[in-house]
Amino acid sequence: MHRKIVLDNGVRLVTEHMPSAKSVTVGIWVNVGSRDEAKGEEGFSHFIEHMFFKGTRTRSAIEISREIDALGGEMNAFTGRETTTFYVKVLDQHLPQALVLLSDLFHHAKFASKEVEKEKQVVLEEMRMVEDDPEDLVQDMHMEQTLKGHPLGRPILGETSVIRGLRREHLLRFTDTHYQPAETLISVAGSFNIDDLVRRLNRSFGKPKKRVQSRLDRRPSDIHPGLVARRKTLQQTHLCLGLKGLSLDHKDRYGLYALNAAIGGSVSSRLFQEIREKRGLAYSIYSYISAYSDTGTLTIYAATRPKEAIRVVELIRREMQRIHRQGMDREELQRIKNQMKGGLMLSLESTQSRMSKLAKDELYHGRYLTLEEVMGEIDRISCRQVADLAHNLLNSESLSITALGPVRQRSLQQAMN
């Protein structure tokens, strides 16, 4: 049973009652992410996510941690390029206490200056951790290269100089501007009583708030082809190859999911079988889609020993060209459709996954997409649709390559031609 309700102050509430569940997950989704930060604010969204757990007017950071542990639950948050999310998952009998705790964090976080200074060091350590993880680092580099000059291309963690210089008043100004009821969505999935839920949420989240004009000014990005190579002392060369994708609500998005599955989205994909299983050139090779409200990218990642980097790039390009020319046959497409359906069904077995789907449906489509509707879209994917997408998107002229490790840029440049 799915419902959408607007609380007294305009906050949207979307719910899915799951009678057989013993747990419930509540998520607060704010329609602001790293792409919405102005110059000098790079990293604010992510930093604010951290600060919500660092103490409120009535609870210290350690008391927050102990309280959620005492409920046997899970509470966390994550920042994306377009949204910031806070969630709690508990047994249904503990929902009232969980709502009180989540509401306190969301509305009464202190952002104490002492805690801000301490958390700066934590975030700077997080940045250093990414710098030491070549798989994460090359993908951040690739986003920056492919979406050059666009806010979507920025690292979510932000800029070191900005983090070092931020102050409590900067964070308060950012939340006052962006954390408005009209930009806030609450998503709840699991076992709960809807009347009791709405009453409690109206009490804690439905209060009027001083309205500030949001500064959201999103514009689509261009995809920039080319090559960026950064030398670093590593055992492997890490590679990202990127192409234009589709937006989250594009009519052909399910066809792109199928195309991605064929290229490198699973262990039966063409690249996994050709480069890892057949030739033993990589342990890790996969492709993925990054989709946003107005744009998207398709990325292939691989890590290989330096002397094989050129060969891996050539093999990836060969597989791209093959599917560009030939598309896929009905047997391969049917196998991928079955894989997509199975993955979808398995992903929706938890209340947390259902909560996320509810929120994303509302944010990006403005309505709930039923499981039957999504299955129908998958069934309607055709060989012609996939062939057209391959022809339009797998275009060498728009290809961007990012390399990290012991790498020769001149040799990679030759492999692109």
# chains A, B, ... in the order shown; residues from 1 in each chain; ligands from 1
$ residues_around --residues "Gly226 of chain A" --least-positions-apart "4" --cutoff "9 Å" --atoms "only C-alpha atoms" --output "compact mmCIF listing (two decimals) with C-alpha atoms, in the first residue's frame"
# COMPACT_ATOMS: atom_id res chain seq x y z
CA GLN A 145 37.47 15.53 -16.62
CA THR A 146 34.30 14.34 -18.36
CA GLU A 397 34.34 11.05 -30.85
CA SER A 398 32.83 11.67 -27.39
CA LEU A 399 35.09 9.20 -25.56
CA SER A 400 37.02 10.43 -22.52
CA ILE A 401 39.79 8.40 -20.90
CA THR A 402 41.34 8.93 -17.48
CA GLN A 413 46.73 8.85 -26.93
CA MET A 416 42.40 6.49 -28.71
$ residues_around --residues "Asp92 of chain A" --least-positions-apart "2" --cutoff "12 Å" --atoms "only C-alpha atoms" --output "number ranges by chain"
A: 17-26, 71-73, 88-90, 94-99, 188-193, 197, 351
$ residues_around --residues "Ala262 of chain A" --least-positions-apart "4" --cutoff "10 Å" --atoms "only C-alpha atoms" --output "list in words"
Leu256, Tyr257, Ala258, Ser266, Val267, Ser268, Ser269, Arg270, Leu271, Phe272, Ser287, Ile323, Gly327, Met328, Glu332, Leu333, Arg335 and Ile336 of chain A
$ closest_residue --among "A:Gly245, A:Gly55, A:Gly255, A:Gly158" --to "Ile381 of chain A" --atoms "only C-alpha atoms"
A:Gly255
$ residues_around --residues "segment 173-183 of chain A" --least-positions-apart "3" --cutoff "12 Å" --atoms "only C-alpha atoms" --output "number ranges by chain"
A: 6-13, 28-34, 36-38, 40-49, 51-52, 82-85, 106-109, 111, 166-170, 186, 205-217, 362-363
$ closest_residue --among "A:Asp252, A:Asp140, A:Glu117, A:Asp195" --to "Arg3 of chain A" --atoms "only C-alpha atoms"
A:Asp195
